[in-house]
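Below is one structure, written out as C-alpha cells; the observations come after it.
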Amino acid sequence: MNTSIIAYTDKTVIRIKGVKIKGLKPFELENRLEKIIGRKIRVIGVTGDSIEMDAYNIEPESILKGENGIITAISTIEGITATELTEIDSAEKILEVEVENIPKGEQVGCGKERWSYLVK
Amino acid sequence: MAKKGGVILLNSVAIIPTGDEILNGIVTDTNSPAIMQLILEVYPKCEIMRLMPVIDNEIEITDKLKECLSRDVELIIFIGGSGGGHRHVPTLGKDFTHSAILKYLTECKYKAIYGKNGHLWSKLIVAKKDNTFVINVPGPYVEAIEATKAFINCLINDEKDLSTIVENIAKAVFSKYPIN
C-alpha cells in the first residue's frame, strides 16, 4: 500500500547568494554549519551562484543575526568562493498547513503536491 | 537474484545520480562512491556501474531507467530528485525521479514524506521489473546513505515484500529528520 507520513519539524529555509560554486561537497558545508549554528542543516539546492539550505528548529532571526559568522564559515568550504556580494538573501520559516489537508489517494502525475491543492 | 546459503546475492548494480548540478560539477557526487562502498562491504563480488548523471528531466530519467533495465542489472539506484520542491521554489532542482519511475513501472510501492508545510520532502519508491529492483534515495548525503543501508538490510533479511521494504527505507530516512 502506498502511504504518506508527515514530518512535524520546524525549519527555516536559507538562501545565500553572491557565491561562486564549483565542486561543492554538500555534507562538508552541512557539517561546518551544524557546528556553528548548533542545528541540523541540509543543503537542498545549489546553483553556480547560490545555495539553499534547510536549518531545523531555529528561527530566521537567529540565522540573520549570525550572518557574518555563517558567511565566514561557508567561505572556507572547498568548492565555495565568497565574493563581496555574498549575503543571506532570505531566511524564512516554513508555514504549517492544516493536518486535515493531508493528501489522500494516488498522486502520480500530479504537479500540485502542496496539500491544499490535493484531492481529499 | 541468486541465493547462497539462503542469503540473496547481489551481482550487478547501476547507480544513477540525477541533477544538473551534479552533471556540470557544481556539486561533487559524493553519494555514489559512498553507496558503492556500502554495497561492496556486503557484496564484495558485485559489479557496480556508476552511470553518467542524468539531468532533471523526466524523459531523460525514464530513458536511463529503460537502458538499465535492458542491461538486466539486479538493482538500479537513482539518487536525488525525490522531493517536490521545484514546484514551489523555482531555484531548487527539479524533482522528477519518483514520477519517472512510477509512470514507467507498474510493480512499485512508495511512501511519501511531507513536511508540515505541505511540501513533499521525499517520495521513496521500491519497484520491481522481472529480476531487477529499482529504488530511489534522497539527494542529501545522510538520507541517501540511510536509505541505502535500509535497502541492503532488507536484502540481507531476504525481504521480498515491496511495501515492507519501502516502509523500512522511509523509516530510515525519516529518522534523520529532527522531529519536534
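We name chains A, B, ... following the order of the C-alpha cells; residues begin at 1 in each chain, and ligands are numbered from 1 as shown.
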Near B:Val137, counting only C-alpha atoms, which residues have an atom at most 9 Å away, once you skip same-chain residues fewer than 4 positions from it, shown as a list in words?
->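 Skipping anything fewer than 4 positions along the chain leaves Ile77, Phe78, Ile79, Gly80, Gly81, Ser82, Ser122, Lys123, Leu124, Ile125, Glu143, Ala144, Ile145, Glu146, Ala147, Thr148, Ile169 and Val173 of chain B.
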TODO: Would you list the contacts of stretch 13-29 of chain A as a VMD selection string, taking every protein, DNA or RNA residue within 6 Å and counting only C-alpha atoms, but skipping same-chain residues closer than 4 positions in sequence?
DONE: (chain A and resid 48 to 54 79 to 83 85 to 92) or (chain B and resid 25 to 28)
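Across the model, the gap from atom CA of A:Thr3 to atom CA of B:Lys128 is 17.9 Å.
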As a check of understanding: the span from atom CA of B:Asp29 to atom CA of B:Leu10 is 23.1 Å
| Could you write out as a ChimeraX atom specification the residues of chain B within 8 Å of chain A, counting only C-alpha atoms? | /B:21,25-30,84,87,91-93,99,102-103,109-120,140-142,163,174,177-180
Stretch 35-90 of chain A: which residues are helix (DSSP H, G or I) by DSSP, as a PyMOL selection string? chain A and resi 35-37+60-65+67-74
Exercise for review: Excluding B:Ala100 and residues on its chain fewer than 4 positions from it, collect all residues at most 7 Å away from it, counting only C-alpha atoms, and give them as a PyMOL selection string.
Suggested key: chain B and resi 58+61-62+96+104
File dump, residues just selected, N, CA and C atoms, as a PDB file, in the first residue's frame:
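Result file is result-v2.pdb:
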ATOM      1  N   GLU B  58      12.207  14.380 -16.794  1.00  0.00           N
ATOM      2  CA  GLU B  58      11.512  13.112 -16.623  1.00  0.00           C
ATOM      3  C   GLU B  58      11.781  12.134 -17.769  1.00  0.00           C
ATOM      4  N   ILE B  61      15.287  10.720 -17.486  1.00  0.00           N
ATOM      5  CA  ILE B  61      15.366   9.748 -16.386  1.00  0.00           C
ATOM      6  C   ILE B  61      14.714   8.430 -16.800  1.00  0.00           C
ATOM      7  N   THR B  62      13.584   8.541 -17.464  1.00  0.00           N
ATOM      8  CA  THR B  62      12.904   7.330 -17.939  1.00  0.00           C
ATOM      9  C   THR B  62      13.773   6.572 -18.941  1.00  0.00           C
ATOM     10  N   PHE B  96      12.104  14.849 -10.488  1.00  0.00           N
ATOM     11  CA  PHE B  96      11.318  14.031 -11.407  1.00  0.00           C
ATOM     12  C   PHE B  96      11.629  12.540 -11.302  1.00  0.00           C
ATOM     13  N   TYR B 104       6.653   4.665 -15.334  1.00  0.00           N
ATOM     14  CA  TYR B 104       7.144   3.630 -16.235  1.00  0.00           C
ATOM     15  C   TYR B 104       6.933   2.214 -15.700  1.00  0.00           C
TER      16      TYR B 104
END
**Pairwise distance for atom CA of B:Lys149 and atom CA of B:Val126, rounded to one decimal in Å** =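 Atom CA of B:Lys149 sits 13.9 Å away from atom CA of B:Val126.
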Can you tell me, as a PyMOL selection string, which residues in stretch 79-169 of chain B count as strand (DSSP E or B) by DSSP? chain B and resi 79+108-115+120-129+132-137
Non-local contacts of B:Asn157 (9 Å; only C-alpha atoms; under 3 positions in same chain excluded) as number ranges by chain = B: 7-8, 152-154, 160
Export of prior selection with C-alpha atoms as a short mmCIF file (atom, residue, chain, number, x, y, z; two decimals), in the first residue's frame:
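Wrote it out as out17.cif, contents follow:
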data_model
loop_
_atom_site.label_atom_id
_atom_site.label_comp_id
_atom_site.auth_asym_id
_atom_site.auth_seq_id
_atom_site.Cartn_x
_atom_site.Cartn_y
_atom_site.Cartn_z
CA VAL B 7 21.00 -15.21 1.50
CA ILE B 8 20.26 -13.16 -1.58
CA ILE B 152 20.63 -3.60 1.88
CA ASN B 153 19.32 -4.80 5.24
CA CYS B 154 16.13 -5.86 3.54
CA LYS B 160 10.63 -9.52 -0.78
#
B:Ile101 proximity check over B:Leu75, B:Val166, B:Cys68, B:Asn136, using only C-alpha atoms: winner is B:Asn136
